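**Q** So here's my_file.pdb (PDB, C-alpha atoms).
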ATOM      1  CA  MET A   1     -10.953  21.875-178.861
ATOM      2  CA  ALA A   2     -10.994  18.338-177.472
ATOM      3  CA  ALA A   3      -7.757  19.116-175.578
ATOM      4  CA  ALA A   4      -9.430  22.096-173.912
ATOM      5  CA  VAL A   5     -12.320  19.929-172.760
ATOM      6  CA  VAL A   6      -9.910  17.333-171.348
ATOM      7  CA  CYS A   7      -8.017  20.058-169.460
ATOM      8  CA  ILE A   8     -11.246  21.367-167.947
ATOM      9  CA  PHE A   9     -12.273  17.847-166.965
ATOM     10  CA  LEU A  10      -8.859  17.223-165.325
ATOM     11  CA  MET A  11      -9.113  20.498-163.414
ATOM     12  CA  LEU A  12     -12.511  19.464-162.041
ATOM     13  CA  ILE A  13     -11.060  16.116-160.972
ATOM     14  CA  ALA A  14      -8.177  17.884-159.239
ATOM     15  CA  VAL A  15     -10.589  20.113-157.327
ATOM     16  CA  ALA A  16     -12.655  17.096-156.264
ATOM     17  CA  VAL A  17      -9.569  15.193-155.093
ATOM     18  CA  ALA A  18      -8.305  18.219-153.175
ATOM     19  CA  PHE A  19     -11.701  18.656-151.534
ATOM     20  CA  VAL A  20     -11.623  15.071-150.251
ATOM     21  CA  THR A  21      -7.947  14.802-149.328
ATOM     22  CA  TRP A  22      -7.459  18.179-147.615
ATOM     23  CA  PRO A  23      -9.192  17.124-144.355
ATOM     24  CA  VAL A  24      -7.179  13.909-144.373
ATOM     25  CA  LEU A  25      -3.896  15.796-144.687
ATOM     26  CA  ARG A  26      -4.826  17.818-141.613
ATOM     27  CA  TRP A  27      -5.134  14.747-139.339
ATOM     28  CA  THR A  28      -2.868  14.609-136.338
ATOM     29  CA  GLU A  29      -1.371  11.327-137.503
ATOM     30  CA  PRO A  30       2.290  10.808-138.594
ATOM     31  CA  PRO A  31       3.059  12.243-142.066
ATOM     32  CA  ALA A  32       3.478   8.826-143.709
ATOM     33  CA  ARG A  33       0.063   7.636-142.554
ATOM     34  CA  ARG A  34      -1.575  10.930-143.608
ATOM     35  CA  ALA A  35      -0.034  10.693-147.109
ATOM     36  CA  LEU A  36      -1.166   7.077-147.478
ATOM     37  CA  ALA A  37      -4.721   7.917-146.424
ATOM     38  CA  ALA A  38      -4.893  10.958-148.720
ATOM     39  CA  GLY A  39      -3.588   8.955-151.683
ATOM     40  CA  THR A  40      -6.110   6.209-151.060
ATOM     41  CA  ALA A  41      -8.997   8.726-150.882
ATOM     42  CA  GLY A  42      -7.843  10.424-154.072
ATOM     43  CA  LEU A  43      -7.597   7.163-155.991
ATOM     44  CA  LEU A  44     -11.036   6.188-154.731
ATOM     45  CA  ILE A  45     -12.527   9.430-156.062
ATOM     46  CA  LEU A  46     -10.759   9.004-159.408
ATOM     47  CA  GLY A  47     -11.900   5.402-159.700
ATOM     48  CA  ILE A  48     -15.527   6.075-158.837
ATOM     49  CA  GLY A  49     -15.828   9.301-160.844
ATOM     50  CA  GLY A  50     -13.987   8.000-163.892
ATOM     51  CA  GLY A  51     -15.893   4.730-163.907
ATOM     52  CA  VAL A  52     -19.283   6.389-163.638
ATOM     53  CA  TYR A  53     -18.393   8.919-166.351
ATOM     54  CA  LEU A  54     -17.229   6.229-168.748
ATOM     55  CA  MET A  55     -20.371   4.171-168.138
ATOM     56  CA  ILE A  56     -23.075   6.854-168.306
ATOM     57  CA  GLY A  57     -21.297  10.001-169.489
ATOM     58  CA  ALA A  58     -21.042  11.383-172.990
ATOM     59  CA  PRO A  59     -17.657  13.086-173.391
ATOM     60  CA  TYR A  60     -18.307  13.839-177.080
ATOM     61  CA  LEU A  61     -21.168  16.141-176.062
ATOM     62  CA  ALA A  62     -18.750  18.374-174.201
ATOM     63  CA  VAL A  63     -16.538  18.634-177.262
ATOM     64  CA  ARG A  64     -19.533  19.265-179.534
ATOM     65  CA  SER A  65     -20.901  21.977-177.254
ATOM     66  CA  LEU A  66     -17.687  23.968-177.719
ATOM     67  CA  SER A  67     -17.588  23.427-181.485
ATOM     68  CA  GLU A  68     -19.168  25.443-184.302
ATOM     69  CA  PRO A  69     -22.651  24.144-185.291
ATOM     70  CA  SER A  70     -22.915  22.288-188.575
ATOM     71  CA  ALA A  71     -25.653  22.622-191.192
ATOM     72  CA  ALA A  72     -27.221  19.417-189.870
ATOM     73  CA  ASP A  73     -27.679  21.111-186.498
ATOM     74  CA  LEU A  74     -29.798  23.943-187.934
ATOM     75  CA  PRO A  75     -33.270  22.438-187.244
ATOM     76  CA  GLY A  76     -32.257  21.872-183.631
ATOM     77  CA  LEU A  77     -30.905  25.406-183.352
ATOM     78  CA  VAL A  78     -34.140  26.775-184.826
ATOM     79  CA  ALA A  79     -36.141  24.833-182.242
ATOM     80  CA  ALA A  80     -33.944  26.285-179.487
ATOM     81  CA  LEU A  81     -34.411  29.797-180.908
ATOM     82  CA  ALA A  82     -38.176  29.313-181.070
ATOM     83  CA  GLN A  83     -38.195  28.272-177.414
ATOM     84  CA  HIS A  84     -35.995  31.245-176.540
ATOM     85  CA  VAL A  85     -38.338  33.816-178.096
ATOM     86  CA  ARG A  86     -41.339  32.185-176.457
ATOM     87  CA  GLU A  87     -39.661  32.775-173.124
ATOM     88  CA  ARG A  88     -38.379  36.252-174.098
ATOM     89  CA  PRO A  89     -40.965  37.611-176.552
ATOM     90  CA  ARG A  90     -39.420  41.097-176.623
ATOM     91  CA  ASP A  91     -36.019  39.921-177.872
ATOM     92  CA  VAL A  92     -35.720  41.612-181.290
ATOM     93  CA  VAL A  93     -32.422  39.914-182.098
ATOM     94  CA  GLY A  94     -33.921  36.526-181.248
ATOM     95  CA  TRP A  95     -36.902  37.030-183.567
ATOM     96  CA  THR A  96     -34.607  38.314-186.331
ATOM     97  CA  LEU A  97     -32.292  35.310-186.077
ATOM     98  CA  LEU A  98     -35.302  33.004-186.058
ATOM     99  CA  GLY A  99     -36.635  34.627-189.233
ATOM    100  CA  ARG A 100     -33.302  34.301-191.042
ATOM    101  CA  SER A 101     -33.012  30.688-189.896
ATOM    102  CA  TYR A 102     -36.441  29.885-191.328
ATOM    103  CA  LEU A 103     -35.358  31.449-194.631
ATOM    104  CA  THR A 104     -32.287  29.205-194.646
ATOM    105  CA  LEU A 105     -34.586  26.230-194.108
ATOM    106  CA  LYS A 106     -36.726  27.464-197.048
ATOM    107  CA  ASP A 107     -39.744  28.183-194.838
ATOM    108  CA  PRO A 108     -40.650  31.750-195.880
ATOM    109  CA  SER A 109     -44.098  31.743-194.243
ATOM    110  CA  ASP A 110     -42.674  31.147-190.760
ATOM    111  CA  ALA A 111     -39.839  33.557-191.567
ATOM    112  CA  ALA A 112     -42.374  36.288-192.369
ATOM    113  CA  ALA A 113     -44.201  35.610-189.092
ATOM    114  CA  ALA A 114     -40.926  35.932-187.144
ATOM    115  CA  PHE A 115     -39.965  39.185-188.895
ATOM    116  CA  ARG A 116     -43.458  40.556-188.252
ATOM    117  CA  ARG A 117     -42.977  39.943-184.516
ATOM    118  CA  ALA A 118     -39.543  41.561-184.648
ATOM    119  CA  LEU A 119     -40.940  44.663-186.392
ATOM    120  CA  ALA A 120     -43.603  45.060-183.723
ATOM    121  CA  ILE A 121     -40.987  45.562-181.006
ATOM    122  CA  ALA A 122     -37.994  46.904-182.962
ATOM    123  CA  ALA A 123     -36.409  50.294-182.388
ATOM    124  CA  PRO A 124     -36.608  52.740-185.346
ATOM    125  CA  ARG A 125     -32.969  52.134-186.327
ATOM    126  CA  GLN A 126     -33.596  48.377-186.565
ATOM    127  CA  ARG A 127     -36.665  48.589-188.789
ATOM    128  CA  PRO A 128     -35.278  49.287-192.302
ATOM    129  CA  ALA A 129     -33.413  45.963-192.566
ATOM    130  CA  LEU A 130     -36.339  44.158-190.950
ATOM    131  CA  TYR A 131     -38.808  45.644-193.437
ATOM    132  CA  SER A 132     -36.602  44.416-196.289
ATOM    133  CA  ALA A 133     -36.341  40.896-194.831
ATOM    134  CA  PHE A 134     -40.076  40.838-194.078
ATOM    135  CA  GLY A 135     -40.948  41.852-197.656
ATOM    136  CA  GLU A 136     -38.582  39.255-199.086
ATOM    137  CA  SER A 137     -40.140  36.515-196.944
ATOM    138  CA  LEU A 138     -43.652  37.498-198.040
ATOM    139  CA  THR A 139     -42.558  37.506-201.688
ATOM    140  CA  MET A 140     -40.931  34.090-201.422
ATOM    141  CA  ALA A 141     -44.005  32.710-199.659
ATOM    142  CA  ALA A 142     -46.120  34.035-202.568
ATOM    143  CA  GLY A 143     -43.995  32.210-205.131
ATOM    144  CA  GLY A 144     -42.127  35.324-206.253
ATOM    145  CA  ALA A 145     -45.106  37.690-206.559
ATOM    146  CA  VAL A 146     -44.655  41.030-204.797
ATOM    147  CA  GLY A 147     -47.990  41.557-203.057
ATOM    148  CA  PRO A 148     -49.301  44.805-201.530
ATOM    149  CA  GLU A 149     -47.990  44.050-198.030
ATOM    150  CA  ALA A 150     -44.549  43.121-199.373
ATOM    151  CA  GLU A 151     -44.452  46.240-201.557
ATOM    152  CA  ASP A 152     -45.341  48.390-198.563
ATOM    153  CA  ALA A 153     -42.497  46.784-196.589
ATOM    154  CA  PHE A 154     -39.987  47.396-199.393
ATOM    155  CA  SER A 155     -41.156  51.014-199.732
ATOM    156  CA  LYS A 156     -40.533  51.597-196.028
ATOM    157  CA  ALA A 157     -37.107  49.936-196.283
ATOM    158  CA  LEU A 158     -36.134  52.181-199.214
ATOM    159  CA  ALA A 159     -37.431  55.305-197.501
ATOM    160  CA  ALA A 160     -34.896  54.723-194.722
ATOM    161  CA  ASN A 161     -32.146  53.137-196.831
ATOM    162  CA  PRO A 162     -32.286  53.866-200.588
ATOM    163  CA  LYS A 163     -29.315  51.515-201.140
ATOM    164  CA  ASP A 164     -31.032  48.379-199.809
ATOM    165  CA  PHE A 165     -30.241  45.647-202.359
ATOM    166  CA  ALA A 166     -33.253  43.382-201.819
ATOM    167  CA  ALA A 167     -35.768  46.231-201.636
ATOM    168  CA  ARG A 168     -34.499  47.755-204.906
ATOM    169  CA  TYR A 169     -34.626  44.428-206.695
ATOM    170  CA  TYR A 170     -38.124  43.435-205.544
ATOM    171  CA  MET A 171     -39.617  46.903-206.022
ATOM    172  CA  GLY A 172     -38.233  46.854-209.563
ATOM    173  CA  GLN A 173     -39.924  43.504-210.030
ATOM    174  CA  ALA A 174     -43.213  44.951-208.758
ATOM    175  CA  PHE A 175     -42.965  47.889-211.195
ATOM    176  CA  ALA A 176     -42.082  45.576-214.103
ATOM    177  CA  ALA A 177     -45.072  43.337-213.312
ATOM    178  CA  ARG A 178     -47.444  46.265-213.849
ATOM    179  CA  ARG A 179     -45.574  47.457-216.945
ATOM    180  CA  ASP A 180     -44.077  50.508-215.229
ATOM    181  CA  ASN A 181     -40.802  49.835-217.028
ATOM    182  CA  LYS A 182     -39.352  53.295-216.507
ATOM    183  CA  ARG A 183     -39.415  53.043-212.715
ATOM    184  CA  ALA A 184     -38.280  49.413-212.810
ATOM    185  CA  LEU A 185     -35.302  50.355-214.985
ATOM    186  CA  ALA A 186     -34.339  53.234-212.706
ATOM    187  CA  LEU A 187     -34.231  50.935-209.683
ATOM    188  CA  TRP A 188     -32.469  48.053-211.407
ATOM    189  CA  GLN A 189     -29.865  50.224-213.082
ATOM    190  CA  SER A 190     -29.026  51.864-209.749
ATOM    191  CA  LEU A 191     -28.788  48.383-208.250
ATOM    192  CA  LEU A 192     -26.560  47.094-211.060
ATOM    193  CA  ALA A 193     -24.125  49.946-210.425
ATOM    194  CA  ASP A 194     -23.684  48.708-206.837
ATOM    195  CA  VAL A 195     -23.599  44.944-207.464
ATOM    196  CA  PRO A 196     -20.094  43.410-207.181
ATOM    197  CA  MET A 197     -18.734  42.145-210.492
ATOM    198  CA  GLY A 198     -18.514  38.567-209.226
ATOM    199  CA  ALA A 199     -22.051  38.379-207.854
ATOM    200  CA  PRO A 200     -23.790  35.257-209.263
ATOM    201  CA  TRP A 201     -27.040  37.120-209.983
ATOM    202  CA  ARG A 202     -25.445  40.102-211.746
ATOM    203  CA  GLY A 203     -25.874  38.443-215.146
ATOM    204  CA  TRP A 204     -29.518  37.723-214.449
ATOM    205  CA  LEU A 205     -30.117  41.374-213.507
ATOM    206  CA  THR A 206     -28.361  42.479-216.687
ATOM    207  CA  ASP A 207     -30.688  40.236-218.718
ATOM    208  CA  ARG A 208     -33.789  41.729-217.106
ATOM    209  CA  ILE A 209     -32.574  45.268-217.755
ATOM    210  CA  ALA A 210     -31.884  44.447-221.413
ATOM    211  CA  LEU A 211     -35.351  42.979-221.859
ATOM    212  CA  LEU A 212     -36.994  46.004-220.254
ATOM    213  CA  LYS A 213     -35.012  48.335-222.504
ATOM    214  CA  ALA A 214     -36.150  46.385-225.560
ATOM    215  CA  GLN A 215     -39.769  46.615-224.413
ATOM    216  CA  THR A 216     -39.507  50.372-223.893
ATOM    217  CA  GLY A 217     -38.016  51.078-227.324
ATOM    218  CA  GLY A 218     -34.359  50.961-226.372
ATOM    219  CA  ALA A 219     -31.649  49.154-228.285
ATOM    220  CA  ALA A 220     -32.534  45.524-228.921
ATOM    221  CA  PRO A 221     -30.409  43.159-226.828
ATOM    222  CA  ASP A 222     -27.979  40.713-228.390
ATOM    223  CA  ILE A 223     -29.849  37.510-227.487
ATOM    224  CA  GLY A 224     -26.993  35.206-228.447
ATOM    225  CA  ALA A 225     -24.553  37.120-226.248
ATOM    226  CA  MET A 226     -27.017  37.126-223.352
ATOM    227  CA  VAL A 227     -27.506  33.351-223.569
ATOM    228  CA  ALA A 228     -23.743  32.765-223.777
ATOM    229  CA  GLN A 229     -23.207  35.004-220.764
ATOM    230  CA  LEU A 230     -25.857  33.112-218.784
ATOM    231  CA  ALA A 231     -24.350  29.743-219.743
ATOM    232  CA  ASN A 232     -20.880  30.887-218.689
ATOM    233  CA  ARG A 233     -22.170  32.171-215.350
ATOM    234  CA  LEU A 234     -23.931  28.885-214.601
ATOM    235  CA  GLN A 235     -20.734  26.937-215.240
ATOM    236  CA  HIS A 236     -19.088  28.897-212.420
ATOM    237  CA  HIS A 237     -22.185  29.137-210.167
ATOM    238  CA  PRO A 238     -24.263  26.016-210.935
ATOM    239  CA  VAL A 239     -26.536  26.206-207.867
ATOM    240  CA  ASP A 240     -29.170  28.388-209.538
ATOM    241  CA  SER A 241     -32.247  26.423-210.610
ATOM    242  CA  GLU A 242     -34.018  29.503-211.987
ATOM    243  CA  GLY A 243     -30.949  30.374-214.064
ATOM    244  CA  TRP A 244     -30.853  26.865-215.528
ATOM    245  CA  GLN A 245     -34.552  27.072-216.395
ATOM    246  CA  ARG A 246     -33.970  30.333-218.218
ATOM    247  CA  LEU A 247     -31.006  28.864-220.122
ATOM    248  CA  ILE A 248     -32.932  25.713-221.097
ATOM    249  CA  ARG A 249     -35.882  27.770-222.335
ATOM    250  CA  ALA A 250     -33.574  30.156-224.210
ATOM    251  CA  TYR A 251     -31.915  27.288-226.087
ATOM    252  CA  ALA A 252     -35.325  25.798-226.874
ATOM    253  CA  VAL A 253     -36.646  29.119-228.194
ATOM    254  CA  LEU A 254     -33.526  29.468-230.349
ATOM    255  CA  GLY A 255     -34.218  26.000-231.742
ATOM    256  CA  ASP A 256     -31.033  24.422-230.343
ATOM    257  CA  THR A 257     -32.564  21.258-228.825
ATOM    258  CA  GLU A 258     -29.194  19.579-228.294
ATOM    259  CA  LYS A 259     -27.912  22.428-226.098
ATOM    260  CA  ALA A 260     -31.244  22.584-224.296
ATOM    261  CA  ASN A 261     -30.995  18.869-223.417
ATOM    262  CA  THR A 262     -27.370  19.283-222.327
ATOM    263  CA  ALA A 263     -28.325  22.209-220.090
ATOM    264  CA  LEU A 264     -31.222  20.162-218.674
ATOM    265  CA  ALA A 265     -28.858  17.324-217.734
ATOM    266  CA  GLN A 266     -26.418  19.769-216.115
ATOM    267  CA  ALA A 267     -29.247  21.451-214.210
ATOM    268  CA  ARG A 268     -30.444  18.118-212.843
ATOM    269  CA  ARG A 269     -26.945  17.288-211.618
ATOM    270  CA  ALA A 270     -26.612  20.703-209.966
ATOM    271  CA  ALA A 271     -29.975  20.253-208.203
ATOM    272  CA  ALA A 272     -29.480  16.599-207.275
ATOM    273  CA  HIS A 273     -30.577  17.172-203.664
ATOM    274  CA  ASP A 274     -33.323  19.734-204.331
ATOM    275  CA  ARG A 275     -36.631  17.966-204.963
ATOM    276  CA  ALA A 276     -38.524  21.174-205.702
ATOM    277  CA  ALA A 277     -35.964  22.202-208.322
ATOM    278  CA  GLN A 278     -36.073  18.722-209.881
ATOM    279  CA  ALA A 279     -39.864  18.955-210.161
ATOM    280  CA  ARG A 280     -39.644  22.359-211.854
ATOM    281  CA  LEU A 281     -37.048  21.044-214.299
ATOM    282  CA  SER A 282     -39.226  18.057-215.168
ATOM    283  CA  LEU A 283     -42.157  20.364-215.815
ATOM    284  CA  GLU A 284     -39.956  22.597-217.981
ATOM    285  CA  ALA A 285     -38.739  19.583-219.966
ATOM    286  CA  LYS A 286     -42.315  18.411-220.512
ATOM    287  CA  GLU A 287     -43.495  21.828-221.714
ATOM    288  CA  LEU A 288     -40.557  22.186-224.080
ATOM    289  CA  LYS A 289     -40.784  18.541-225.238
ATOM    290  CA  LEU A 290     -37.214  17.778-224.182
ATOM    291  CA  GLN A 291     -35.724  14.513-222.958
ATOM    292  CA  LYS A 292     -37.306  12.971-219.876
TER     293      LYS A 292
END
Transcribe the structure of this file into C-alpha cells.
**A**
Amino acid sequence: MAAAVVCIFLMLIAVAVAFVTWPVLRWTEPPARRALAAGTAGLLILGIGGGVYLMIGAPYLAVRSLSEPSAADLPGLVAALAQHVRERPRDVVGWTLLGRSYLTLKDPSDAAAAFRRALAIAAPRQRPALYSAFGESLTMAAGGAVGPEAEDAFSKALAANPKDFAARYYMGQAFAARRDNKRALALWQSLLADVPMGAPWRGWLTDRIALLKAQTGGAAPDIGAMVAQLANRLQHHPVDSEGWQRLIRAYAVLGDTEKANTALAQARRAAAHDRAAQARLSLEAKELKLQK
C-alpha cells in the first residue's frame, strides 16, 4: 500500500516538473541551453516541493487513508458517520451503519435512536432487518428486558421474515418472561434447528430450552451434563461474561465451591478489559460468598 502511495506521489511530481519545464523546452535557444534550463527548473521544483513536504507534510496519513480502519479508529469513524447523516438525513444506509457502529461501541440507546431514524425513511424491503436491529437495541438498553416497543419491533420483523435469528430469540425471551413457555419453546426450538453447530451461544440456547421443558412437565434435564457442556463451551469461547456467570452460579448451587472459584478466576481473566463484566463478576462472587 505504501508503494502505491509513493508511485502516486512520484506521478504528481512528474506532472509538476513537466508543467514547468515544457515552456522552457520550447524556447528558441540552442538545444544544450534549453536542456540545461529545463533541468535546472525541474530540480528547483523537486527541491522546493520535497523540502516543504518533508517539513510540513504527513506522508503516513496518505498511507493510512488507503488502509483498512482499525478498531481504534471506530470512534472517529462513528463521528464521521454522525456528521454524514446530519448532512444527508435521508440516507438509510448511513443511519443503519451508524446504529450498528453504536452497538459495537456498546451504546444501545444511541443505536436505537439511529435505527429509529432509519426506519422512518426506509423502503418496505429494508424494514424487517431494521425492526430486528431496533428491537435488539431497545432490549440491550433496557438491560435485557424485552419491553412493549421492542416486542412490537420483533413481531414486525418476524411477520416479514420468520427466520430472523434475533427476533426469534428475543420474542422467545419475552414469552418465557410471562410464563408462556409453550410459545417460547416453539420459537427457540425452531431457532435451535437453524443455529450452526459451532455457534458459541448454541449451548446457552439448549440450556434455556431444557429448563423450559422441565418447567412445563417435560423430561428433567441432566444438570451435570448441562454444566459440563457449558464449561467446555467457555473453554473454547471464553469471551462470554454471562456464560461465566451462569457457570459460576451452577457450580455454587451444586455445592462445588472449588470449581466455582476456579471458574470465577477464569472469567476475570477473560474479561480483563471489560469493566462492566468485572463489576458483575464481583457482585456474583459477593452474593455467592466466593473468593474476592
**Q** So what do you get for CA of Asp110 (chain A) versus CA of Lys156 (chain A), distance-wise?
**A**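 According to the coordinates, CA of Asp110 (chain A) and CA of Lys156 (chain A) are separated by 21.2 Å.
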**Q** How far is it from CA of Tyr170 (chain A) to CA of Ala184 (chain A), in Å with one decimal?
**A** 9.4 Å
**Q** I'd like to see the residues matched by the PyMOL selection byres ((chain A and resi 265-274) around 6) on this file, and ideally I'd get them as a ChimeraX atom specification.
**A** /A:238-239,244,262-264,275-277
**Q** Tell me, in Å to one decimal, how far CA of Ser109 (chain A) is from CA of Ala141 (chain A).
**A** 5.5 Å
**Q** For Asp207 (chain A), which of A:Ser241, A:Ser101, A:Gln229, A:Gln235 is the closest residue, counting all atoms listed in the file?
**A**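 The answer is A:Gln229, which sits nearest to Asp207 (chain A).
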**Q** When you count only C-alpha atoms, which of these residues is closest to Ala157 (chain A): A:Glu242, A:Asp256, A:Asp194, A:Glu136?
**A** A:Glu136
**Q** Starting from the displayed file, determine the output of the PyMOL selection byres ((chain A and resi 189) around 12) and express the residue list as a VMD selection string.
**A** chain A and resid 165 168 to 169 172 181 to 188 190 to 195 202 205 to 210 212 to 213
**Q** Write the residues of the selection above to a file with C-alpha atoms, as a PDB file, keeping the file's coordinate frame.
**A**
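Generated file (again.pdb):
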ATOM      1  CA  PHE A 165     -30.241  45.647-202.359  1.00  0.00           C
ATOM      2  CA  ARG A 168     -34.499  47.755-204.906  1.00  0.00           C
ATOM      3  CA  TYR A 169     -34.626  44.428-206.695  1.00  0.00           C
ATOM      4  CA  GLY A 172     -38.233  46.854-209.563  1.00  0.00           C
ATOM      5  CA  ASN A 181     -40.802  49.835-217.028  1.00  0.00           C
ATOM      6  CA  LYS A 182     -39.352  53.295-216.507  1.00  0.00           C
ATOM      7  CA  ARG A 183     -39.415  53.043-212.715  1.00  0.00           C
ATOM      8  CA  ALA A 184     -38.280  49.413-212.810  1.00  0.00           C
ATOM      9  CA  LEU A 185     -35.302  50.355-214.985  1.00  0.00           C
ATOM     10  CA  ALA A 186     -34.339  53.234-212.706  1.00  0.00           C
ATOM     11  CA  LEU A 187     -34.231  50.935-209.683  1.00  0.00           C
ATOM     12  CA  TRP A 188     -32.469  48.053-211.407  1.00  0.00           C
ATOM     13  CA  SER A 190     -29.026  51.864-209.749  1.00  0.00           C
ATOM     14  CA  LEU A 191     -28.788  48.383-208.250  1.00  0.00           C
ATOM     15  CA  LEU A 192     -26.560  47.094-211.060  1.00  0.00           C
ATOM     16  CA  ALA A 193     -24.125  49.946-210.425  1.00  0.00           C
ATOM     17  CA  ASP A 194     -23.684  48.708-206.837  1.00  0.00           C
ATOM     18  CA  VAL A 195     -23.599  44.944-207.464  1.00  0.00           C
ATOM     19  CA  ARG A 202     -25.445  40.102-211.746  1.00  0.00           C
ATOM     20  CA  LEU A 205     -30.117  41.374-213.507  1.00  0.00           C
ATOM     21  CA  THR A 206     -28.361  42.479-216.687  1.00  0.00           C
ATOM     22  CA  ASP A 207     -30.688  40.236-218.718  1.00  0.00           C
ATOM     23  CA  ARG A 208     -33.789  41.729-217.106  1.00  0.00           C
ATOM     24  CA  ILE A 209     -32.574  45.268-217.755  1.00  0.00           C
ATOM     25  CA  ALA A 210     -31.884  44.447-221.413  1.00  0.00           C
ATOM     26  CA  LEU A 212     -36.994  46.004-220.254  1.00  0.00           C
ATOM     27  CA  LYS A 213     -35.012  48.335-222.504  1.00  0.00           C
TER      28      LYS A 213
END
**Q** Enumerate, as a list in words, the protein, DNA and RNA residues whose atoms approach (-32.9, 33.8, -179.6) to within 9 Å, taking into account only C-alpha atoms and the coordinate frame of the file.
**A** Val78, Ala80, Leu81, Ala82, Gln83, His84, Val85, Arg88, Asp91, Val92, Val93, Gly94, Trp95, Thr96, Leu97 and Leu98 of chain A
**Q** Hey, what's within 10 Å of Tyr251 (chain A) if we count all atoms listed in the file and toss same-chain stuff fewer than 3 positions away? As a list of chain:residue names, please?
**A**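 The filter keeps A:Gly224, A:Val227, A:Arg246, A:Leu247, A:Ile248, A:Leu254, A:Gly255, A:Asp256, A:Thr257, A:Glu258, A:Lys259, A:Ala260, A:Asn261, A:Thr262, A:Ala263.
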**Q** Which residues, written as number ranges by chain, have at least one atom at most 12 Å from Ala160 (chain A), with all atoms listed in the file counted and residues fewer than 4 positions away on the same chain left out?
**A** A: 124-132, 153-156, 164, 167
**Q** Find, counting only C-alpha atoms, the residue in A:Pro162, A:Gly147, A:Pro108, A:Gly243 that gets nearest to Ala133 (chain A).
**A** A:Pro108
**Q** Excluding same-chain residues fewer than 2 positions from Ala174 (chain A), what lies within 8 Å of it counting only C-alpha atoms, as number ranges by chain?
**A** A: 145-146, 151, 170-172, 176-178, 184
**Q** If the box runs along x, y and z of the file and leaves 3 Å on each side of region 255-273 of chain A, what are its centre and edge lengths in Å, one decimal, as JSON?
**A**
{"center_x": -30.3, "center_y": 21.3, "center_z": -217.7, "size_x": 13.8, "size_y": 15.4, "size_z": 34.1}
